[in-house]
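Engineer: Pasting upload-v2.cif here (mmCIF, C-alpha atoms and all ligand atoms):
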```cif
data_run
#
loop_
_atom_site.label_atom_id
_atom_site.label_comp_id
_atom_site.auth_asym_id
_atom_site.auth_seq_id
_atom_site.Cartn_x
_atom_site.Cartn_y
_atom_site.Cartn_z
CA MET G 807 -14.87 -11.04 -30.04
CA THR G 808 -16.69 -9.09 -27.35
CA GLN G 809 -14.56 -6.83 -25.21
CA ARG G 810 -14.94 -6.68 -21.46
CA VAL G 811 -15.55 -3.09 -20.41
CA ILE G 812 -14.52 -2.33 -16.85
CA PRO G 813 -15.74 0.97 -15.42
CA LEU G 814 -12.99 2.61 -13.40
CA ALA G 815 -13.62 5.18 -10.73
CA ASP G 816 -11.67 8.04 -12.24
CA GLU G 817 -11.74 11.25 -10.30
CA ARG G 818 -8.83 12.67 -12.11
CA GLN G 819 -10.81 15.19 -14.10
CA LEU G 820 -12.85 16.42 -11.15
CA ARG G 821 -11.13 19.27 -9.41
CA GLN G 822 -13.44 20.51 -6.73
CA LEU G 823 -11.62 22.47 -4.06
CA PRO G 824 -12.00 21.27 -0.46
CA ALA G 825 -13.69 23.89 1.70
CA ILE G 826 -11.42 25.91 3.94
CA PRO G 827 -12.78 26.19 7.49
CA ALA G 828 -13.62 29.68 8.73
CA GLU G 829 -11.43 29.10 11.80
CA LEU G 830 -7.87 27.86 11.39
CA PRO G 831 -7.04 25.98 14.62
CA ALA G 832 -3.39 25.12 15.20
CA PRO G 833 -2.69 21.36 15.02
CA THR G 834 -2.45 19.62 18.38
CA GLY G 835 -0.65 16.47 17.22
CA GLN G 836 -3.63 14.47 18.50
CA LEU G 837 -6.11 14.63 15.65
CA LEU G 838 -8.94 12.09 16.00
CA ASP G 839 -11.62 11.03 13.54
CA SER G 840 -15.32 10.72 14.32
CA ARG G 841 -14.73 7.21 15.72
CA GLY G 842 -11.86 8.30 17.94
CA ARG G 843 -9.10 6.94 15.68
CA PRO G 844 -5.89 8.99 15.57
CA ILE G 845 -4.04 9.77 12.34
CA LYS G 846 -0.67 8.00 12.57
CA ASP G 847 0.32 6.68 9.14
CA LEU G 848 0.46 8.32 5.76
CA ARG G 849 0.81 6.25 2.60
CA ILE G 850 1.99 8.26 -0.33
CA SER G 851 1.69 7.04 -3.91
CA VAL G 852 4.62 8.61 -5.78
CA THR G 853 3.66 7.25 -9.20
CA ASP G 854 0.68 5.52 -10.76
CA ARG G 855 2.98 3.61 -13.14
CA CYS G 856 4.31 0.13 -12.57
CA ASN G 857 6.70 -2.24 -14.32
CA PHE G 858 4.44 -5.17 -13.35
CA ARG G 859 0.89 -5.88 -14.48
CA CYS G 860 -0.19 -8.06 -11.57
CA VAL G 861 -3.41 -9.70 -12.58
CA TYR G 862 -5.08 -8.82 -9.27
CA CYS G 863 -3.95 -5.19 -9.22
CA MET G 864 -3.18 -3.67 -12.63
CA PRO G 865 -4.58 -6.17 -15.12
CA LYS G 866 -3.34 -5.68 -18.68
CA ALA G 867 -6.89 -5.63 -19.98
CA VAL G 868 -7.27 -2.23 -18.30
CA PHE G 869 -3.73 -0.91 -17.88
CA ASP G 870 -2.66 -1.43 -21.48
CA LYS G 871 -0.70 0.77 -23.87
CA ASP G 872 -3.72 3.03 -24.31
CA TYR G 873 -4.23 3.63 -20.61
CA ALA G 874 -3.79 7.30 -19.76
CA PHE G 875 -1.33 7.43 -16.89
CA LEU G 876 -0.99 10.78 -15.19
CA PRO G 877 1.13 13.36 -16.99
CA ARG G 878 4.25 14.54 -15.17
CA GLU G 879 2.84 17.94 -14.20
CA SER G 880 -0.08 16.24 -12.42
CA LEU G 881 2.20 14.47 -9.98
CA LEU G 882 2.93 16.11 -6.68
CA SER G 883 6.47 17.47 -6.71
CA PHE G 884 8.86 16.36 -3.97
CA GLU G 885 8.50 19.81 -2.40
CA GLU G 886 4.70 19.50 -2.38
CA ILE G 887 4.89 16.02 -0.86
CA THR G 888 7.29 17.19 1.83
CA ARG G 889 5.17 20.21 2.63
CA LEU G 890 2.10 18.04 3.14
CA ALA G 891 4.08 15.44 5.10
CA ARG G 892 5.14 18.14 7.57
CA LEU G 893 1.54 19.26 7.98
CA PHE G 894 0.41 15.67 8.58
CA ALA G 895 3.23 15.20 11.09
CA ALA G 896 1.95 18.16 13.07
CA HIS G 897 -1.42 16.39 13.30
CA GLY G 898 0.13 13.17 14.67
CA VAL G 899 1.55 11.19 11.72
CA THR G 900 4.75 9.37 12.69
CA LYS G 901 5.13 6.95 9.81
CA ILE G 902 5.22 7.46 6.06
CA ARG G 903 5.17 4.64 3.54
CA LEU G 904 6.10 5.43 -0.05
CA THR G 905 4.25 3.28 -2.52
CA GLY G 906 2.51 3.37 -5.88
CA GLY G 907 2.45 2.04 -8.63
CA GLU G 908 6.07 1.05 -8.33
CA PRO G 909 7.72 3.78 -6.24
CA LEU G 910 11.23 3.03 -7.51
CA LEU G 911 10.11 4.13 -10.98
CA ARG G 912 9.86 7.70 -9.68
CA ARG G 913 13.08 9.38 -10.70
CA ASN G 914 15.41 10.51 -7.88
CA LEU G 915 13.15 9.04 -5.20
CA GLU G 916 16.11 9.12 -2.81
CA LYS G 917 15.92 12.93 -2.87
CA LEU G 918 12.37 12.78 -1.57
CA ILE G 919 13.42 10.31 1.12
CA ALA G 920 16.23 12.62 2.21
CA GLN G 921 13.67 15.43 2.62
CA LEU G 922 11.14 13.28 4.49
CA VAL G 923 13.61 11.86 7.01
CA GLU G 924 14.38 15.44 8.07
CA ILE G 925 10.90 15.63 9.64
CA PRO G 926 11.44 15.06 13.37
CA ASP G 927 10.48 11.57 14.64
CA MET G 928 9.23 10.46 11.23
CA GLU G 929 9.77 6.85 10.19
CA VAL G 930 10.00 6.50 6.41
CA THR G 931 9.49 3.15 4.70
CA LEU G 932 8.87 1.88 1.19
CA THR G 933 6.91 -0.91 -0.49
CA THR G 934 8.34 -2.18 -3.77
CA ASN G 935 8.24 -5.14 -6.12
CA GLY G 936 12.01 -5.25 -5.62
CA VAL G 937 13.17 -5.41 -9.22
CA LEU G 938 14.98 -2.08 -9.09
CA LEU G 939 16.54 -2.62 -5.66
CA PRO G 940 19.88 -3.88 -6.98
CA LYS G 941 20.30 -0.47 -8.64
CA LYS G 942 18.72 1.62 -5.93
CA ALA G 943 19.21 0.04 -2.49
CA ALA G 944 22.49 1.74 -1.60
CA ALA G 945 21.21 5.20 -2.59
CA LEU G 946 17.97 4.68 -0.65
CA LYS G 947 19.91 3.69 2.45
CA ALA G 948 22.27 6.63 2.08
CA ALA G 949 19.25 8.94 1.83
CA GLY G 950 18.04 7.73 5.22
CA LEU G 951 15.55 4.96 4.42
CA LYS G 952 15.49 2.40 7.24
CA ARG G 953 13.54 -0.56 5.90
CA VAL G 954 11.77 -1.90 2.83
CA THR G 955 8.84 -4.19 2.23
CA VAL G 956 9.15 -6.32 -0.90
CA SER G 957 6.16 -7.93 -2.59
CA LEU G 958 6.64 -11.49 -3.82
CA ASP G 959 3.69 -13.76 -4.57
CA SER G 960 5.39 -17.02 -5.52
CA LEU G 961 8.72 -18.81 -5.76
CA ASP G 962 7.55 -20.80 -8.75
CA ASP G 963 8.72 -19.03 -11.86
CA ALA G 964 5.77 -20.03 -14.03
CA VAL G 965 3.25 -18.91 -11.39
CA PHE G 966 5.11 -15.68 -10.68
CA ARG G 967 5.54 -14.75 -14.34
CA ALA G 968 1.84 -15.36 -14.90
CA MET G 969 0.92 -13.24 -11.87
CA ASN G 970 3.10 -10.24 -12.71
CA ASP G 971 2.15 -10.70 -16.37
CA MET G 972 5.41 -9.06 -17.50
CA ASP G 973 7.43 -12.25 -17.57
CA VAL G 974 9.59 -11.10 -14.67
CA PRO G 975 11.38 -14.09 -13.11
CA VAL G 976 11.43 -14.75 -9.36
CA SER G 977 15.23 -14.40 -9.41
CA ASP G 978 14.94 -10.67 -10.18
CA VAL G 979 12.99 -10.11 -6.97
CA LEU G 980 15.27 -12.36 -4.92
CA LYS G 981 18.25 -10.31 -6.17
CA GLY G 982 16.39 -7.20 -5.01
CA ILE G 983 15.85 -8.69 -1.56
CA GLU G 984 19.56 -9.58 -1.36
CA ALA G 985 20.54 -6.06 -2.40
CA ALA G 986 18.27 -4.56 0.26
CA GLU G 987 19.77 -6.84 2.88
CA ALA G 988 23.32 -5.99 1.80
CA ALA G 989 22.49 -2.28 1.99
CA GLY G 990 21.18 -2.68 5.55
CA LEU G 991 17.51 -2.06 4.75
CA GLY G 992 16.28 -4.74 7.13
CA PRO G 993 14.52 -6.45 8.72
CA ILE G 994 12.88 -6.91 5.33
CA LYS G 995 9.18 -7.69 5.18
CA ILE G 996 8.02 -9.82 2.28
CA ASN G 997 4.37 -9.45 1.29
CA MET G 998 2.56 -12.26 -0.47
CA VAL G 999 -1.00 -11.71 -1.67
CA VAL G 1000 -2.76 -15.06 -1.66
CA LYS G 1001 -5.43 -15.77 -4.23
CA ARG G 1002 -7.09 -19.16 -4.16
CA GLY G 1003 -6.35 -21.31 -7.17
CA LEU G 1004 -3.68 -18.90 -8.36
CA ASN G 1005 -0.85 -19.07 -5.81
CA ASP G 1006 -2.17 -20.66 -2.61
CA GLN G 1007 -0.07 -23.77 -3.31
CA GLU G 1008 2.92 -21.45 -2.78
CA ILE G 1009 2.13 -20.73 0.89
CA LEU G 1010 4.29 -23.56 2.22
CA PRO G 1011 7.22 -23.17 -0.20
CA MET G 1012 7.34 -19.45 0.68
CA ALA G 1013 7.23 -20.21 4.41
CA ARG G 1014 9.99 -22.79 4.01
CA ARG G 1015 12.17 -20.44 1.95
CA PHE G 1016 12.04 -17.51 4.35
CA ARG G 1017 12.09 -19.40 7.66
CA GLY G 1018 15.29 -18.59 9.46
CA SER G 1019 16.24 -15.90 6.93
CA GLY G 1020 15.61 -12.98 9.28
CA HIS G 1021 12.99 -11.66 6.81
CA ILE G 1022 9.35 -11.47 7.90
CA LEU G 1023 6.98 -13.11 5.46
CA ARG G 1024 3.45 -11.70 5.55
CA PHE G 1025 0.41 -13.20 3.88
CA ILE G 1026 -2.22 -10.76 2.67
CA GLU G 1027 -5.81 -11.71 1.92
CA PHE G 1028 -6.82 -10.84 -1.62
CA MET G 1029 -8.90 -7.66 -1.37
CA ASP G 1030 -11.59 -6.00 -3.46
CA VAL G 1031 -9.62 -2.82 -4.02
CA GLY G 1032 -10.40 -0.81 -7.13
CA SER G 1033 -12.88 -1.96 -9.72
CA SER G 1034 -10.71 -3.86 -12.14
CA ASN G 1035 -9.54 -7.01 -10.37
CA GLY G 1036 -12.72 -9.08 -10.57
CA TRP G 1037 -12.71 -9.85 -6.85
CA ARG G 1038 -14.88 -12.67 -5.46
CA MET G 1039 -15.04 -13.89 -1.87
CA ASP G 1040 -14.34 -17.43 -3.12
CA ASP G 1041 -10.87 -16.27 -4.19
CA VAL G 1042 -9.93 -15.23 -0.66
CA VAL G 1043 -7.87 -17.67 1.38
CA PRO G 1044 -8.67 -16.73 4.99
CA SER G 1045 -5.59 -16.04 7.12
CA ALA G 1046 -6.77 -18.70 9.58
CA GLU G 1047 -6.35 -21.25 6.79
CA VAL G 1048 -2.89 -19.91 5.92
CA VAL G 1049 -1.80 -20.22 9.55
CA GLN G 1050 -3.26 -23.72 9.79
CA ARG G 1051 -1.49 -24.92 6.65
CA ILE G 1052 1.89 -23.63 7.86
CA HIS G 1053 1.30 -24.81 11.43
CA GLU G 1054 0.84 -28.40 10.20
CA ALA G 1055 4.33 -28.33 8.69
CA PHE G 1056 6.09 -25.94 11.07
CA PRO G 1057 4.32 -25.44 14.42
CA LEU G 1058 3.44 -21.81 15.10
CA GLU G 1059 2.47 -19.83 18.17
CA GLN G 1060 0.81 -16.43 18.20
CA ILE G 1061 2.72 -13.44 19.59
CA ASP G 1062 1.69 -9.99 20.75
CA PRO G 1063 1.45 -7.09 18.32
CA ASN G 1064 4.36 -4.63 18.30
CA TYR G 1065 1.93 -1.77 18.84
CA THR G 1066 -1.82 -1.11 18.95
CA GLY G 1067 -3.30 -0.96 15.48
CA GLU G 1068 -0.62 -3.15 13.83
CA VAL G 1069 -2.32 -4.60 10.76
CA ALA G 1070 -0.43 -7.90 10.70
CA GLU G 1071 -1.24 -10.54 13.27
CA ARG G 1072 2.12 -12.04 14.34
CA TRP G 1073 3.00 -15.72 14.65
CA ARG G 1074 6.40 -17.26 15.43
CA TYR G 1075 7.85 -20.64 14.62
CA ALA G 1076 7.95 -22.71 17.80
CA ASP G 1077 11.46 -23.90 16.92
CA GLY G 1078 12.87 -20.36 16.76
CA GLY G 1079 12.81 -20.04 12.95
CA GLY G 1080 11.56 -16.46 13.10
CA GLU G 1081 8.11 -15.01 12.59
CA ILE G 1082 5.42 -14.54 9.97
CA GLY G 1083 2.48 -12.17 9.76
CA VAL G 1084 -1.03 -12.46 8.38
CA ILE G 1085 -3.06 -9.50 7.21
CA SER G 1086 -6.74 -10.37 7.31
CA SER G 1087 -8.34 -7.31 5.82
CA VAL G 1088 -11.27 -9.36 4.53
CA THR G 1089 -12.00 -11.98 7.19
CA GLN G 1090 -11.04 -9.94 10.26
CA ALA G 1091 -11.52 -6.30 9.44
CA PHE G 1092 -9.32 -3.94 11.42
CA CYS G 1093 -11.17 -0.71 10.63
CA SER G 1094 -11.69 0.06 14.31
CA THR G 1095 -7.95 0.58 14.77
CA CYS G 1096 -7.16 1.99 11.33
CA THR G 1097 -4.92 5.04 11.63
CA ARG G 1098 -3.97 5.34 7.93
CA ALA G 1099 -4.48 8.17 5.51
CA ARG G 1100 -3.51 7.97 1.85
CA LEU G 1101 -2.22 10.58 -0.50
CA SER G 1102 -2.69 9.80 -4.18
CA THR G 1103 -0.09 10.43 -6.86
CA GLU G 1104 -1.67 13.77 -7.69
CA GLY G 1105 -2.34 14.88 -4.16
CA ARG G 1106 -5.81 13.72 -3.25
CA LEU G 1107 -6.31 12.72 0.33
CA TYR G 1108 -8.23 9.48 0.92
CA THR G 1109 -9.30 8.35 4.35
CA CYS G 1110 -9.80 4.69 3.35
CA LEU G 1111 -8.22 2.27 0.88
CA PHE G 1112 -11.71 1.51 -0.36
CA ALA G 1113 -12.77 5.12 -0.75
CA GLN G 1114 -14.79 6.28 -3.69
CA SER G 1115 -13.57 9.86 -3.60
CA GLY G 1116 -10.76 11.97 -2.21
CA HIS G 1117 -9.94 15.55 -1.30
CA ASP G 1118 -7.83 17.62 -3.64
CA LEU G 1119 -4.97 19.01 -1.55
CA ARG G 1120 -2.85 19.69 -4.63
CA ALA G 1121 -5.39 22.19 -5.92
CA LEU G 1122 -5.18 24.08 -2.63
CA MET G 1123 -1.40 24.13 -2.73
CA ARG G 1124 -1.35 25.30 -6.33
CA ALA G 1125 -3.91 27.99 -5.44
CA GLN G 1126 -1.27 29.38 -3.05
CA ARG G 1127 -3.17 28.47 0.10
CA SER G 1128 -1.21 28.86 3.34
CA ASP G 1129 0.05 26.09 5.60
CA ALA G 1130 -2.50 27.15 8.22
CA GLU G 1131 -5.31 26.76 5.69
CA LEU G 1132 -4.06 23.40 4.44
CA SER G 1133 -3.59 22.14 7.96
CA ALA G 1134 -7.12 23.16 8.92
CA VAL G 1135 -8.50 21.38 5.84
CA ILE G 1136 -6.63 18.18 6.77
CA GLY G 1137 -7.94 18.49 10.32
CA GLN G 1138 -11.49 18.98 9.10
CA ILE G 1139 -11.35 16.00 6.73
CA TRP G 1140 -9.87 13.62 9.30
CA SER G 1141 -12.18 14.69 12.09
CA GLY G 1142 -15.17 13.98 9.84
CA ARG G 1143 -13.84 10.52 8.90
CA SER G 1144 -16.20 7.64 9.62
CA ASP G 1145 -14.99 5.01 7.09
CA ARG G 1146 -15.19 1.34 8.05
CA TYR G 1147 -15.47 -0.32 4.67
CA SER G 1148 -14.04 -3.71 5.60
CA GLU G 1149 -16.51 -4.09 8.46
CA ILE G 1150 -19.46 -3.61 6.14
CA ARG G 1151 -18.06 -5.36 3.04
CA SER G 1152 -20.54 -7.42 1.05
CA ALA G 1153 -21.02 -8.56 -2.52
CA GLU G 1154 -22.75 -5.21 -3.14
CA THR G 1155 -19.98 -3.04 -1.72
CA ALA G 1156 -17.38 -5.08 -3.59
CA SER G 1157 -18.89 -4.00 -6.88
CA LEU G 1158 -18.89 -0.28 -6.02
CA ARG G 1159 -16.64 1.89 -8.13
CA LYS G 1160 -13.56 2.33 -5.99
CA ILE G 1161 -10.24 4.00 -6.57
CA GLU G 1162 -7.52 1.83 -8.10
CA MET G 1163 -4.73 0.77 -5.76
CA SER G 1164 -1.98 1.87 -8.14
CA TYR G 1165 -3.35 5.43 -7.95
CA ILE G 1166 -4.28 5.65 -4.29
CA GLY G 1167 -1.16 3.73 -3.19
CA GLY G 1168 -1.07 0.15 -1.91
N1 LIG X 1201 4.65 -1.81 -6.60
C1 LIG X 1201 4.82 -1.92 -5.19
C2 LIG X 1201 4.75 -3.37 -4.78
O1 LIG X 1201 4.70 -4.24 -5.63
O2 LIG X 1201 4.81 -3.63 -3.59
C3 LIG X 1201 3.90 -1.07 -4.35
C4 LIG X 1201 2.46 -0.95 -4.75
S1 LIG X 1201 1.52 -2.44 -4.61
C5 LIG X 1201 -0.06 -1.83 -5.06
C6 LIG X 1201 1.46 -2.67 -2.86
C7 LIG X 1201 0.99 -3.99 -2.36
O3 LIG X 1201 -0.39 -4.11 -2.60
C8 LIG X 1201 1.64 -5.20 -2.99
O4 LIG X 1201 2.13 -6.05 -1.99
C9 LIG X 1201 0.50 -5.84 -3.74
O5 LIG X 1201 0.66 -7.23 -3.82
C10 LIG X 1201 -0.68 -5.45 -2.87
N2 LIG X 1201 -1.96 -5.59 -3.55
C11 LIG X 1201 -2.32 -5.10 -4.74
N3 LIG X 1201 -3.59 -5.42 -5.04
C12 LIG X 1201 -4.05 -6.14 -4.00
C13 LIG X 1201 -5.29 -6.78 -3.71
N4 LIG X 1201 -6.32 -6.74 -4.56
N5 LIG X 1201 -5.41 -7.42 -2.54
C14 LIG X 1201 -4.39 -7.47 -1.67
N6 LIG X 1201 -3.19 -6.89 -1.87
C15 LIG X 1201 -3.03 -6.24 -3.03
#
```
Show this structure as structure tokens.

Structural biologist:
Amino acid sequence: MTQRVIPLADERQLRQLPAIPAELPAPTGQLLDSRGRPIKDLRISVTDRCNFRCVYCMPKAVFDKDYAFLPRESLLSFEEITRLARLFAAHGVTKIRLTGGEPLLRRNLEKLIAQLVEIPDMEVTLTTNGVLLPKKAAALKAAGLKRVTVSLDSLDDAVFRAMNDMDVPVSDVLKGIEAAEAAGLGPIKINMVVKRGLNDQEILPMARRFRGSGHILRFIEFMDVGSSNGWRMDDVVPSAEVVQRIHEAFPLEQIDPNYTGEVAERWRYADGGGEIGVISSVTQAFCSTCTRARLSTEGRLYTCLFAQSGHDLRALMRAQRSDAELSAVIGQIWSGRSDRYSEIRSAETASLRKIEMSYIGG
């Protein structure tokens, strides 16, 4: 049998230090990139490991028992993460999302949350597959977490088990959602990645299930992140089609975004059954309003989800560089940012070697 070999963009061995600017300007809280976009959100991957092997994200063919996940000492410590988070806050970041991999696999995550919520005016959120929420929700809430986003791609057990490829039943995730609700971690957002032919028949059942629940269901277009998920445009179900399919069963009307740069387009049920969101990263790129930076599990800064390389902030911290130096490096990187991958996506760009989502943080 021939084996499929998938080249992964793996920067983990490259440890080139980012240049430290000669001048160390104090942060103004209003850092802009080269296209005038402020830095507002920081997504932090706290682990590259996951208890799922979603076929579109961490396929078993690549992330198998021989896959070299990062060793413990490579991960940013909670103190390192908090130090960087404070520096980003001084540049204008007001929202942190903890992600991964599966963030709830990181031991004592609540301790990190307790440190991050101490940063003035910082909103801290978390994206999880939900399975560990029954064990963790109360501790997360007590640590100061306000809300969670739970990923769930289907209500059909056979479809869901095939998608997570670890035989996890839907009921485990639903129990997680209930635990989050009971702990007061709402309103809960539920993210469904839609891949044509795999789970698009689940759009309506999901809409029906979460209508009137107080949870906000959001449909995400299948993206060409990383290099291992075999992405093809034909697999993308455009958000417009998702909205149309739901609208035919439950009439929808569009509503205003909560704030400029919100990634999800909002729609509400005309009969008052709550709202849904659609995230159209492929068919309606939102690069022009993208205010997100990403910190990988081992402390590389990426200025785009589709980046091919990052900037090694961990190396600077472990080389005993000062806060002023680190802050100036962050400022320099963001002000040079010109990424707009989704606006220029094509079959050619889709096959570029990009960083895996589990490492960079989804
Ligand atoms: N393990 C956590 C979870 O399941 O939510 C956090 C990490 S996961 C990478 C974050 C989100 O990215 C999930 O909602 C997942 O479905 C989504 N995702 C992963 N690969 C994707 C892709 N190729 N296109 C669109 N969304 C994707």

Engineer: Applying 8 Å and all atoms listed in the file, which residues near segment 1000-1016 of chain G remain after dropping the ones on its own chain fewer than 6 positions away? List them as a PyMOL selection string.

Structural biologist: chain G and resi 959-962+965+1022-1023+1025-1028+1040-1043+1048+1051-1052

Engineer: Which one of G:Leu890, G:Cys856, G:Met1039, G:Ala1134 sits closest to Arg912 of chain G if you count all atoms listed in the file?

Structural biologist: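 Distance minimum relative to Arg912 of chain G lands on G:Cys856.
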
Engineer: Please measure the separation of atom CA of Glu1047 of chain G and atom CA of Trp1073 of chain G, giving the value in Å to one decimal.

Structural biologist: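 Those two atoms sit 13.4 Å apart.
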
Engineer: Please identify all protein, DNA and RNA residues within 6 Å of ligand LIG 1201 (chain X), counting all atoms listed in the file, and report them as a list in words.

Structural biologist: Tyr862, Cys863, Thr905, Gly906, Gly907, Glu908, Thr933, Thr934, Asn935, Val956, Ser957, Asn997, Val999, Ile1026, Glu1027, Phe1028, Met1029, Asp1030, Val1031, Met1163, Ser1164, Gly1167 and Gly1168 of chain G

Engineer: For segment 821-825 of chain G, what centre and edge lengths in Å (one decimal) does the axis-aligned box get once 6 Å is added on each side of all its listed atoms, as AutoDock Vina command-line options?

Structural biologist:
```
--center_x -12.4 --center_y 21.6 --center_z -3.9 --size_x 14.6 --size_y 16.6 --size_z 23.1
```

Engineer: For each of G:Asp1145, G:Asp1062, G:Asp839, G:Asp978, take the minimum atom-to-atom distance to His897 of chain G, counting all atoms listed in the file, then give the residue where this is smallest.

Structural biologist: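 Once distances to His897 of chain G are computed over all atoms listed in the file, the minimum belongs to G:Asp839.
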
Engineer: For segment 915-924 of chain G, work out the shell of residues within 6 Å, counting all atoms listed in the file and skipping chain neighbours fewer than 2 positions away, then give it as a list of chain:residue names.

Structural biologist: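 Those residues are G:Phe884, G:Arg912, G:Arg913, G:Leu946, G:Ala949.
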
Engineer: Please measure the separation of atom CA of Asp870 of chain G and atom CA of Ser1033 of chain G, giving the value in Å to one decimal.

Structural biologist: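 Distance reported for this atom pair: 15.6 Å.
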
Engineer: Select, from G:Phe894, G:Phe1092, G:Ala985, G:Thr1103, the residue with the minimum atom-to-atom distance to Thr834 of chain G, counting all atoms listed in the file.

Structural biologist: G:Phe894

Engineer: Just give me the gap between atom CA of Ile902 of chain G and atom CA of Ile925 of chain G in Å, one decimal is fine.

Structural biologist: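 Atom CA of Ile925 of chain G lies at a distance of 10.6 Å from atom CA of Ile902 of chain G.
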
Engineer: Which is closest to Pro909 of chain G among G:Pro1044, G:Gly1105, G:Gly1142, G:Gly936, if we use all atoms listed in the file?

Structural biologist: G:Gly936

Engineer: Pick the closest to Gly1032 of chain G from G:Ala1153, G:Leu1158, G:Ala943, G:Leu904: which is it, counting all atoms listed in the file?

Structural biologist: G:Leu1158

Engineer: Taking the point (-10.5, 19.8, 13.1) as given in the file, collect each protein or nucleic acid residue that comes within 10 Å of it, counting all atoms listed in the file, and present the set as an MDAnalysis selection string.

Structural biologist: chainID G and resid 827 829:834 837:839 897 1133:1142

Engineer: If we count all atoms listed in the file, what is near Phe869 of chain G at a cut-off of 12 Å, once residues fewer than 6 positions away on the same chain are taken out, given as an MDAnalysis selection string?

Structural biologist: chainID G and resid 812 814 854:863 875 907 971 1034:1035 1162 1164:1165

Engineer: Using only C-alpha atoms, which of G:Met928, G:Val899, G:Ala989, G:Leu980 sits nearest Leu848 of chain G?

Structural biologist: G:Val899

Engineer: Counting all atoms listed in the file, what is within 12 Å of segment 841-843 of chain G, bar same-chain residues fewer than 5 positions away, as a JSON list (two decimals) with C-alpha atoms, in the frame of the given file?

Structural biologist:
```json
[["chain", "number", "residue", "atom", "x", "y", "z"],
["G", 836, "GLN", "CA", -3.63, 14.47, 18.50],
["G", 898, "GLY", "CA", 0.13, 13.17, 14.67],
["G", 1066, "THR", "CA", -1.82, -1.11, 18.95],
["G", 1067, "GLY", "CA", -3.30, -0.96, 15.48],
["G", 1092, "PHE", "CA", -9.32, -3.94, 11.42],
["G", 1093, "CYS", "CA", -11.17, -0.71, 10.63],
["G", 1094, "SER", "CA", -11.69, 0.06, 14.31],
["G", 1095, "THR", "CA", -7.95, 0.58, 14.77],
["G", 1096, "CYS", "CA", -7.16, 1.99, 11.33],
["G", 1097, "THR", "CA", -4.92, 5.04, 11.63],
["G", 1098, "ARG", "CA", -3.97, 5.34, 7.93],
["G", 1099, "ALA", "CA", -4.48, 8.17, 5.51],
["G", 1109, "THR", "CA", -9.30, 8.35, 4.35],
["G", 1140, "TRP", "CA", -9.87, 13.62, 9.30],
["G", 1141, "SER", "CA", -12.18, 14.69, 12.09],
["G", 1142, "GLY", "CA", -15.17, 13.98, 9.84],
["G", 1143, "ARG", "CA", -13.84, 10.52, 8.90],
["G", 1144, "SER", "CA", -16.20, 7.64, 9.62],
["G", 1145, "ASP", "CA", -14.99, 5.01, 7.09],
["G", 1146, "ARG", "CA", -15.19, 1.34, 8.05]]
```
